[in-house]
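Text of final.txt (compact mmCIF, C-alpha atoms) as supplied:
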# COMPACT_ATOMS: atom_id res chain seq x y z
CA MET A 1 -6.52 16.02 28.99
CA LYS A 2 -8.99 13.24 29.72
CA ARG A 3 -10.45 13.59 26.22
CA LYS A 4 -7.00 13.37 24.64
CA PHE A 5 -6.20 10.23 26.64
CA THR A 6 -9.49 8.65 25.55
CA ILE A 7 -8.85 9.46 21.90
CA LEU A 8 -5.31 8.08 22.13
CA PHE A 9 -6.55 4.84 23.69
CA VAL A 10 -9.21 4.39 21.03
CA ILE A 11 -6.69 5.04 18.24
CA ILE A 12 -4.19 2.47 19.50
CA PHE A 13 -6.87 -0.13 20.23
CA PHE A 14 -8.73 0.07 16.95
CA SER A 15 -5.57 0.53 14.86
CA ALA A 16 -4.14 -2.65 16.29
CA PHE A 17 -7.46 -4.44 15.77
CA LEU A 18 -7.84 -3.36 12.17
CA THR A 19 -4.26 -3.65 10.96
CA GLN A 20 -3.10 -6.55 13.14
CA ALA A 21 -0.50 -4.39 14.89
CA GLN A 22 1.66 -3.82 11.86
CA THR A 23 3.71 -0.63 11.79
CA LEU A 24 3.45 1.50 9.74
CA ARG A 25 -0.36 1.21 9.74
CA LYS A 26 -1.42 0.27 6.25
CA PRO A 27 -4.09 2.48 4.72
CA ILE A 28 -7.54 0.92 4.82
CA ALA A 29 -7.42 1.03 1.01
CA ALA A 30 -3.84 -0.26 0.78
CA ASN A 31 -5.05 -3.01 -1.53
CA TYR A 32 -6.58 -0.34 -3.76
CA THR A 33 -3.32 1.55 -4.18
CA GLY A 34 -1.22 -1.60 -4.69
CA LEU A 35 -3.68 -3.47 -6.89
CA GLY A 36 -1.49 -3.42 -10.03
CA ALA A 37 1.48 -5.19 -8.44
CA TYR A 38 0.74 -8.52 -10.17
CA SER A 39 0.19 -7.23 -13.70
CA LEU A 40 2.00 -6.03 -16.80
CA ASN A 41 -0.66 -3.64 -18.09
CA HIS A 42 -1.73 -1.91 -14.88
CA VAL A 43 1.46 -1.13 -12.97
CA ASP A 44 1.67 2.40 -11.54
CA ILE A 45 3.83 4.27 -9.04
CA PHE A 46 2.00 2.77 -6.03
CA SER A 47 2.31 -0.86 -7.15
CA PHE A 48 5.67 -1.33 -5.41
CA THR A 49 4.04 -0.55 -2.05
CA ALA A 50 2.43 -4.01 -2.36
CA ASN A 51 5.49 -5.79 -3.77
CA PRO A 52 8.84 -4.06 -4.47
CA ALA A 53 9.46 -6.37 -7.45
CA SER A 54 6.67 -4.61 -9.40
CA LEU A 55 8.93 -1.54 -9.48
CA ALA A 56 10.83 -3.29 -12.29
CA GLN A 57 7.88 -2.71 -14.65
CA LEU A 58 7.70 1.07 -14.09
CA LYS A 59 8.40 2.75 -17.45
CA ASN A 60 8.68 6.43 -16.59
CA ALA A 61 9.46 8.58 -13.56
CA ALA A 62 6.44 9.61 -11.47
CA ILE A 63 5.32 10.82 -8.08
CA GLY A 64 2.15 9.82 -6.28
CA VAL A 65 0.37 10.89 -3.10
CA TYR A 66 -2.48 9.22 -1.25
CA GLY A 67 -4.39 10.37 1.81
CA GLU A 68 -7.34 9.01 3.76
CA ARG A 69 -9.35 10.01 6.83
CA ARG A 70 -9.96 6.74 8.62
CA PHE A 71 -13.56 6.46 9.80
CA LEU A 72 -13.89 10.24 9.29
CA LEU A 73 -11.65 10.96 12.30
CA SER A 74 -8.89 13.54 11.89
CA GLU A 75 -6.80 11.72 14.53
CA LEU A 76 -6.65 8.70 12.23
CA ASN A 77 -5.35 10.40 9.10
CA ASN A 78 -3.05 8.29 6.94
CA TYR A 79 -0.79 9.72 4.21
CA THR A 80 1.50 7.96 1.72
CA ALA A 81 3.82 9.46 -0.89
CA ALA A 82 5.84 7.53 -3.47
CA ILE A 83 8.43 8.43 -6.10
CA GLY A 84 9.70 6.13 -8.84
CA LEU A 85 12.76 6.54 -11.04
CA PRO A 86 13.62 4.07 -13.84
CA THR A 87 17.31 3.69 -14.77
CA ASN A 88 19.37 1.48 -17.07
CA THR A 89 20.52 -0.61 -14.11
CA GLY A 90 17.11 -1.11 -12.50
CA ASN A 91 14.36 1.06 -11.05
CA PHE A 92 14.41 2.93 -7.74
CA GLY A 93 11.50 3.92 -5.53
CA LEU A 94 11.11 6.04 -2.41
CA LYS A 95 8.08 5.75 -0.14
CA ALA A 96 7.12 7.87 2.89
CA GLY A 97 4.16 7.31 5.20
CA TYR A 98 2.54 9.05 8.17
CA TYR A 99 -0.28 7.83 10.40
CA GLY A 100 -1.91 9.46 13.41
CA PHE A 101 -1.84 12.95 14.95
CA SER A 102 0.30 15.05 17.29
CA ASP A 103 -0.14 12.85 20.38
CA TYR A 104 0.37 9.54 18.62
CA ASN A 105 1.92 8.95 15.22
CA GLU A 106 3.84 6.42 13.19
CA THR A 107 6.15 7.18 10.28
CA GLN A 108 8.00 5.16 7.71
CA ILE A 109 10.54 5.94 5.00
CA GLY A 110 11.35 3.16 2.55
CA LEU A 111 13.92 2.91 -0.23
CA ALA A 112 13.16 0.26 -2.86
CA TYR A 113 14.94 -1.25 -5.85
CA GLY A 114 13.47 -3.49 -8.53
CA ARG A 115 14.84 -5.02 -11.71
CA LYS A 116 14.02 -7.61 -14.36
CA LEU A 117 15.73 -10.97 -14.54
CA GLY A 118 14.94 -11.69 -18.16
CA SER A 119 11.38 -11.39 -19.44
CA LYS A 120 9.72 -13.75 -16.97
CA VAL A 121 10.96 -12.77 -13.51
CA ASP A 122 11.17 -9.48 -11.62
CA ILE A 123 12.81 -9.08 -8.21
CA GLY A 124 12.80 -6.28 -5.65
CA VAL A 125 14.02 -5.26 -2.22
CA GLN A 126 13.05 -2.43 0.12
CA PHE A 127 14.69 -1.07 3.28
CA ASN A 128 12.50 0.77 5.80
CA TYR A 129 13.15 3.19 8.63
CA ASN A 130 10.18 3.01 11.01
CA GLY A 131 9.33 5.43 13.79
CA ILE A 132 6.67 5.61 16.48
CA ARG A 133 5.95 8.52 18.83
CA ILE A 134 3.60 8.76 21.82
CA ALA A 135 3.20 12.06 23.64
CA GLY A 136 4.56 11.79 27.17
CA TYR A 137 6.37 8.53 26.44
CA GLY A 138 8.88 9.56 23.80
CA SER A 139 9.72 7.90 20.51
CA ALA A 140 11.40 4.78 19.15
CA THR A 141 12.71 3.60 15.79
CA ALA A 142 13.38 0.32 14.02
CA ILE A 143 14.94 -0.85 10.76
CA SER A 144 13.25 -3.47 8.59
CA PHE A 145 13.38 -4.79 5.06
CA GLU A 146 11.16 -6.43 2.45
CA LEU A 147 11.82 -8.87 -0.40
CA GLY A 148 9.62 -9.60 -3.38
CA THR A 149 9.42 -11.38 -6.71
CA VAL A 150 6.89 -11.39 -9.53
CA MET A 151 6.80 -14.14 -12.14
CA HIS A 152 5.12 -13.59 -15.50
CA ILE A 153 3.84 -17.08 -16.19
CA THR A 154 2.19 -15.94 -19.41
CA ASP A 155 1.42 -12.54 -20.91
CA LYS A 156 -1.81 -12.53 -18.88
CA LEU A 157 -1.08 -14.57 -15.76
CA HIS A 158 1.29 -13.29 -13.08
CA ALA A 159 2.22 -14.59 -9.63
CA GLY A 160 4.52 -13.41 -6.88
CA VAL A 161 5.74 -13.62 -3.31
CA HIS A 162 6.30 -10.75 -0.89
CA VAL A 163 8.05 -11.08 2.49
CA ALA A 164 8.06 -8.14 4.92
CA ASN A 165 10.09 -7.98 8.14
CA PRO A 166 11.27 -11.62 8.05
CA LEU A 167 13.64 -10.90 10.94
CA GLY A 168 11.17 -8.71 12.82
CA GLY A 169 12.86 -5.32 13.34
CA LYS A 170 12.73 -4.26 16.98
CA PHE A 171 11.93 -0.90 18.59
CA GLY A 172 13.64 0.95 21.41
CA LYS A 173 16.80 0.48 23.46
CA ASP A 174 15.56 -2.64 25.24
CA GLN A 175 14.30 -4.19 21.97
CA GLN A 176 11.07 -5.34 23.61
CA GLU A 177 8.70 -4.40 20.78
CA LYS A 178 9.09 -5.71 17.25
CA LEU A 179 7.46 -5.46 13.86
CA SER A 180 5.36 -8.37 12.73
CA SER A 181 6.61 -10.62 9.95
CA VAL A 182 4.22 -10.75 6.99
CA TYR A 183 4.22 -13.29 4.14
CA THR A 184 2.11 -12.77 1.02
CA VAL A 185 1.44 -14.83 -2.09
CA GLY A 186 -0.24 -12.91 -4.93
CA LEU A 187 -1.84 -13.75 -8.25
CA GLY A 188 -2.99 -11.43 -11.03
CA TYR A 189 -4.77 -12.01 -14.32
CA ASP A 190 -4.89 -9.51 -17.18
CA ALA A 191 -8.14 -10.77 -18.69
CA SER A 192 -8.04 -8.02 -21.30
CA GLU A 193 -6.58 -4.59 -21.83
CA LYS A 194 -9.56 -3.20 -19.91
CA PHE A 195 -10.14 -5.80 -17.19
CA PHE A 196 -7.76 -7.00 -14.47
CA ILE A 197 -8.30 -9.15 -11.37
CA SER A 198 -5.94 -9.86 -8.48
CA ALA A 199 -5.90 -11.78 -5.19
CA GLU A 200 -3.47 -12.15 -2.29
CA ILE A 201 -3.19 -14.61 0.56
CA GLU A 202 -1.53 -12.83 3.47
CA LYS A 203 -0.24 -14.38 6.68
CA GLU A 204 0.93 -12.11 9.44
CA GLU A 205 2.78 -13.40 12.48
CA ASP A 206 0.34 -14.53 15.23
CA GLN A 207 -2.68 -13.56 13.10
CA PRO A 208 -5.19 -15.55 11.04
CA VAL A 209 -4.85 -15.79 7.28
CA ASN A 210 -6.18 -12.78 5.37
CA VAL A 211 -7.37 -12.73 1.76
CA ASN A 212 -7.27 -9.52 -0.27
CA ALA A 213 -9.04 -9.54 -3.62
CA GLY A 214 -9.80 -6.81 -6.12
CA MET A 215 -10.56 -6.03 -9.73
CA GLN A 216 -10.22 -3.12 -12.13
CA TYR A 217 -12.20 -2.20 -15.22
CA LYS A 218 -11.51 0.63 -17.65
CA PHE A 219 -14.72 2.02 -19.11
CA LEU A 220 -12.69 4.45 -21.19
CA PRO A 221 -8.96 5.11 -21.59
CA GLN A 222 -9.47 8.04 -19.20
CA LEU A 223 -11.81 6.36 -16.67
CA LEU A 224 -11.26 3.30 -14.46
CA ALA A 225 -13.10 1.70 -11.57
CA ARG A 226 -11.77 -0.59 -8.84
CA ILE A 227 -13.51 -2.69 -6.20
CA GLY A 228 -12.21 -5.17 -3.63
CA ILE A 229 -12.43 -6.75 -0.20
CA SER A 230 -10.16 -7.67 2.72
CA THR A 231 -11.43 -10.66 4.71
CA ALA A 232 -9.45 -9.92 7.89
CA THR A 233 -11.56 -6.87 8.67
CA SER A 234 -14.55 -7.59 6.41
CA SER A 235 -13.79 -4.24 4.79
CA VAL A 236 -14.79 -3.45 1.22
CA TRP A 237 -13.30 -0.68 -0.89
CA THR A 238 -14.05 0.94 -4.20
CA GLY A 239 -12.88 3.89 -6.23
CA LEU A 240 -12.96 5.77 -9.51
CA GLY A 241 -9.89 7.06 -11.33
CA LEU A 242 -9.88 9.82 -13.93
CA THR A 243 -6.90 10.52 -16.19
CA ILE A 244 -6.62 14.03 -17.63
CA LYS A 245 -3.73 14.22 -20.08
CA SER A 246 -1.11 12.37 -18.02
CA LEU A 247 -2.42 13.24 -14.53
CA ARG A 248 -4.50 10.64 -12.70
CA LEU A 249 -6.89 11.42 -9.84
CA ASP A 250 -8.70 8.69 -7.88
CA ILE A 251 -11.46 9.06 -5.32
CA THR A 252 -11.72 6.05 -3.00
CA THR A 253 -14.10 4.88 -0.30
CA SER A 254 -13.69 2.01 2.16
CA TYR A 255 -16.37 0.65 4.46
CA HIS A 256 -16.04 -1.28 7.72
CA PRO A 257 -19.29 -2.85 9.01
CA ARG A 258 -18.77 -1.56 12.56
CA LEU A 259 -16.63 1.55 12.26
CA GLY A 260 -17.97 3.10 9.08
CA ILE A 261 -16.59 4.93 6.07
CA THR A 262 -13.03 5.91 5.16
CA PRO A 263 -12.74 8.38 2.25
CA GLY A 264 -9.49 8.74 0.34
CA LEU A 265 -7.88 10.70 -2.47
CA LEU A 266 -5.03 9.58 -4.76
CA LEU A 267 -3.00 11.63 -7.23
CA ILE A 268 -0.33 10.45 -9.69
CA VAL A 269 1.81 13.05 -11.46
CA PRO A 270 4.32 12.21 -14.22
CA LEU A 271 7.85 13.54 -14.00
CA SER A 272 8.52 13.12 -17.71
CA HIS A 273 6.74 14.03 -20.93
CA GLU A 274 6.08 10.40 -21.76
CA GLY A 275 3.92 9.95 -18.65
CA GLY A 276 4.80 9.05 -15.09
CA TYR A 277 3.56 5.48 -15.11
CA LYS A 278 3.18 2.67 -17.56
CA LYS A 279 0.60 3.61 -20.15
CA GLU A 280 -2.01 1.07 -20.98
CA ASN A 281 -3.03 0.18 -24.50
CA ASN A 282 -6.73 0.83 -24.78
Spit out the file's structure as structure tokens when you get a sec.
Amino acid sequence: MKRKFTILFVIIFFSAFLTQAQTLRKPIAANYTGLGAYSLNHVDIFSFTANPASLAQLKNAAIGVYGERRFLLSELNNYTAAIGLPTNTGNFGLKAGYYGFSDYNETQIGLAYGRKLGSKVDIGVQFNYNGIRIAGYGSATAISFELGTVMHITDKLHAGVHVANPLGGKFGKDQQEKLSSVYTVGLGYDASEKFFISAEIEKEEDQPVNVNAGMQYKFLPQLLARIGISTATSSVWTGLGLTIKSLRLDITTSYHPRLGITPGLLLIVPLSHEGGYKKENN
């Protein structure tokens, strides 16, 4: 019992330290999975997890799953699943996330919608149902929403704004705990059909400004590499993605200077013959 209490305390303390108390805990490599949000050539099923407006650029239905073992601890597992469905009236996305273990866990289910407003502007919205459970203390839920836009300034340069929890959804009957509000400004540059670079300036309520930056390079049509950094935690991440037919498998690794390595695995599966995410011209 003492060991479980110690583990639970460490999880809550370090999770709050590393993610600035945002629920659901973002994966350490969240900027890896959402890197293509500010692009036309590199959008995939996970892009809308960084900005729901990027869902407007999804060409074909797909499903994706991502899992990581934070700092190699099974109690800090983080899983994310996403489904995207394009339609004639806009594109829909469903995201589900789980963080933690049996004694402490956080969950989130989000329903997103994105559409184009002409050829230069995309907009999106997402509604989230958030849950938190602590053994011996019960559980609580909260509703939140996100808004986003992406502007295609040129064929290569893209910028956008993402606002999460602007009203700060609150947990529990007494409404004492609330989700942090997060404001993000992003910029992406499609330097070529093989090379892409992106950066975000993120400001979370009561926290210092955080800068997320990353880049992607495609050595071959079937092989890509990504690398990036998050200044808030001084964490760096990298990964390799391999596409076999229309399936894509990525192996990721993140490193924190004090807490160590976080390995991750990402899989994208198409739900149509054309491919489950926007194909790139290479």
Query - Proximity to Tyr183 in chain A - best of A:Phe196, A:Lys170, A:Ala50, A:Leu220, only C-alpha atoms - result: A:Ala50
Give me the residues within 8 Å of range 69-84 of chain A as a PDB file with C-alpha atoms, keeping the file's coordinate frame, counting only C-alpha atoms and dropping any in the same chain fewer than 3 places off.
ATOM      1  CA  ILE A   7      -8.850   9.460  21.900  1.00  0.00           C
ATOM      2  CA  ILE A  11      -6.690   5.040  18.240  1.00  0.00           C
ATOM      3  CA  PRO A  27      -4.090   2.480   4.720  1.00  0.00           C
ATOM      4  CA  ILE A  28      -7.540   0.920   4.820  1.00  0.00           C
ATOM      5  CA  ILE A  45       3.830   4.270  -9.040  1.00  0.00           C
ATOM      6  CA  PHE A  46       2.000   2.770  -6.030  1.00  0.00           C
ATOM      7  CA  LEU A  55       8.930  -1.540  -9.480  1.00  0.00           C
ATOM      8  CA  LEU A  58       7.700   1.070 -14.090  1.00  0.00           C
ATOM      9  CA  ASN A  60       8.680   6.430 -16.590  1.00  0.00           C
ATOM     10  CA  ALA A  61       9.460   8.580 -13.560  1.00  0.00           C
ATOM     11  CA  ALA A  62       6.440   9.610 -11.470  1.00  0.00           C
ATOM     12  CA  ILE A  63       5.320  10.820  -8.080  1.00  0.00           C
ATOM     13  CA  GLY A  64       2.150   9.820  -6.280  1.00  0.00           C
ATOM     14  CA  VAL A  65       0.370  10.890  -3.100  1.00  0.00           C
ATOM     15  CA  TYR A  66      -2.480   9.220  -1.250  1.00  0.00           C
ATOM     16  CA  ASN A  91      14.360   1.060 -11.050  1.00  0.00           C
ATOM     17  CA  PHE A  92      14.410   2.930  -7.740  1.00  0.00           C
ATOM     18  CA  GLY A  93      11.500   3.920  -5.530  1.00  0.00           C
ATOM     19  CA  LEU A  94      11.110   6.040  -2.410  1.00  0.00           C
ATOM     20  CA  LYS A  95       8.080   5.750  -0.140  1.00  0.00           C
ATOM     21  CA  ALA A  96       7.120   7.870   2.890  1.00  0.00           C
ATOM     22  CA  GLY A  97       4.160   7.310   5.200  1.00  0.00           C
ATOM     23  CA  TYR A  98       2.540   9.050   8.170  1.00  0.00           C
ATOM     24  CA  TYR A  99      -0.280   7.830  10.400  1.00  0.00           C
ATOM     25  CA  GLY A 100      -1.910   9.460  13.410  1.00  0.00           C
ATOM     26  CA  PHE A 101      -1.840  12.950  14.950  1.00  0.00           C
ATOM     27  CA  LEU A 259     -16.630   1.550  12.260  1.00  0.00           C
ATOM     28  CA  GLY A 260     -17.970   3.100   9.080  1.00  0.00           C
ATOM     29  CA  ILE A 261     -16.590   4.930   6.070  1.00  0.00           C
ATOM     30  CA  THR A 262     -13.030   5.910   5.160  1.00  0.00           C
ATOM     31  CA  PRO A 263     -12.740   8.380   2.250  1.00  0.00           C
ATOM     32  CA  GLY A 264      -9.490   8.740   0.340  1.00  0.00           C
TER      33      GLY A 264
END
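The two atoms in question, CA of Phe195 in chain A and CA of Asn210 in chain A, are spaced 23.9 Å apart.
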Can you list, as a CSV table (one decimal) with C-alpha atoms, in the frame of the given file, every protein, DNA or RNA residue that comes within 10 Å of Ser54 in chain A when you count only C-alpha atoms, leaving out same-chain residues fewer than 6 positions away?
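Dumped everything to result-v6.csv:
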chain,number,residue,atom,x,y,z
A,34,GLY,CA,-1.2,-1.6,-4.7
A,36,GLY,CA,-1.5,-3.4,-10.0
A,37,ALA,CA,1.5,-5.2,-8.4
A,38,TYR,CA,0.7,-8.5,-10.2
A,39,SER,CA,0.2,-7.2,-13.7
A,40,LEU,CA,2.0,-6.0,-16.8
A,43,VAL,CA,1.5,-1.1,-13.0
A,44,ASP,CA,1.7,2.4,-11.5
A,45,ILE,CA,3.8,4.3,-9.0
A,46,PHE,CA,2.0,2.8,-6.0
A,47,SER,CA,2.3,-0.9,-7.2
A,48,PHE,CA,5.7,-1.3,-5.4
A,91,ASN,CA,14.4,1.1,-11.0
A,113,TYR,CA,14.9,-1.2,-5.8
A,114,GLY,CA,13.5,-3.5,-8.5
A,115,ARG,CA,14.8,-5.0,-11.7
A,116,LYS,CA,14.0,-7.6,-14.4
A,122,ASP,CA,11.2,-9.5,-11.6
A,123,ILE,CA,12.8,-9.1,-8.2
A,124,GLY,CA,12.8,-6.3,-5.6
A,148,GLY,CA,9.6,-9.6,-3.4
A,149,THR,CA,9.4,-11.4,-6.7
A,150,VAL,CA,6.9,-11.4,-9.5
A,151,MET,CA,6.8,-14.1,-12.1
A,160,GLY,CA,4.5,-13.4,-6.9
Requested in this report: Tell me which protein, DNA and RNA residues are within 6 Å of Val125 in chain A, counting only C-alpha atoms, leaving out same-chain ones fewer than 6 positions away, and put them as an MDAnalysis selection string.
Outcome: chainID A and resid 52 112:113 146:147
Report task. Starting from the point (10.1, -0.1, 13.8), work out which residues of protein, DNA or RNA have an atom no more than 6 Å away when counting only C-alpha atoms; state them as an NGL selection string. Result -> :A and (130-131 or 141-143 or 169-171 or 179)
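Between CA of Leu187 in chain A and CA of Glu200 in chain A lies a distance of 6.4 Å.
For the atom pair formed by CA of Asn165 in chain A and CA of Val209 in chain A, the distance is 16.9 Å, given to one decimal.
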Query raised in the report: With distances taken over only C-alpha atoms, which of A:Ile153, A:Ile229, A:Val269, A:Phe145 is nearest to Gly168 in chain A?
Result: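 Result for the nearest residue to Gly168 in chain A: A:Phe145.
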Query - A:Lys178, A:Ile227, A:His42, A:Ala140 ranked by distance to His158 in chain A, top pick (using only C-alpha atoms) - result: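 Using only C-alpha atoms, the shortest distance to His158 in chain A belongs to A:His42.
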Report task. Fewer than 4 positions away in the same chain doesn't count, so skip those; otherwise give me all residues within 9 Å of Ile251 in chain A, counting all atoms listed in the file, as a list of chain:residue names. Result ->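 Answer for this query is A:Thr238, A:Gly239, A:Leu240, A:Gly241, A:Leu242, A:Pro263, A:Gly264, A:Leu265, A:Leu266.
The residue that comes closest to Tyr104 in chain A, out of A:Trp237, A:Tyr255, A:Tyr32, A:Tyr137 and on the basis of all atoms listed in the file, is A:Tyr137.
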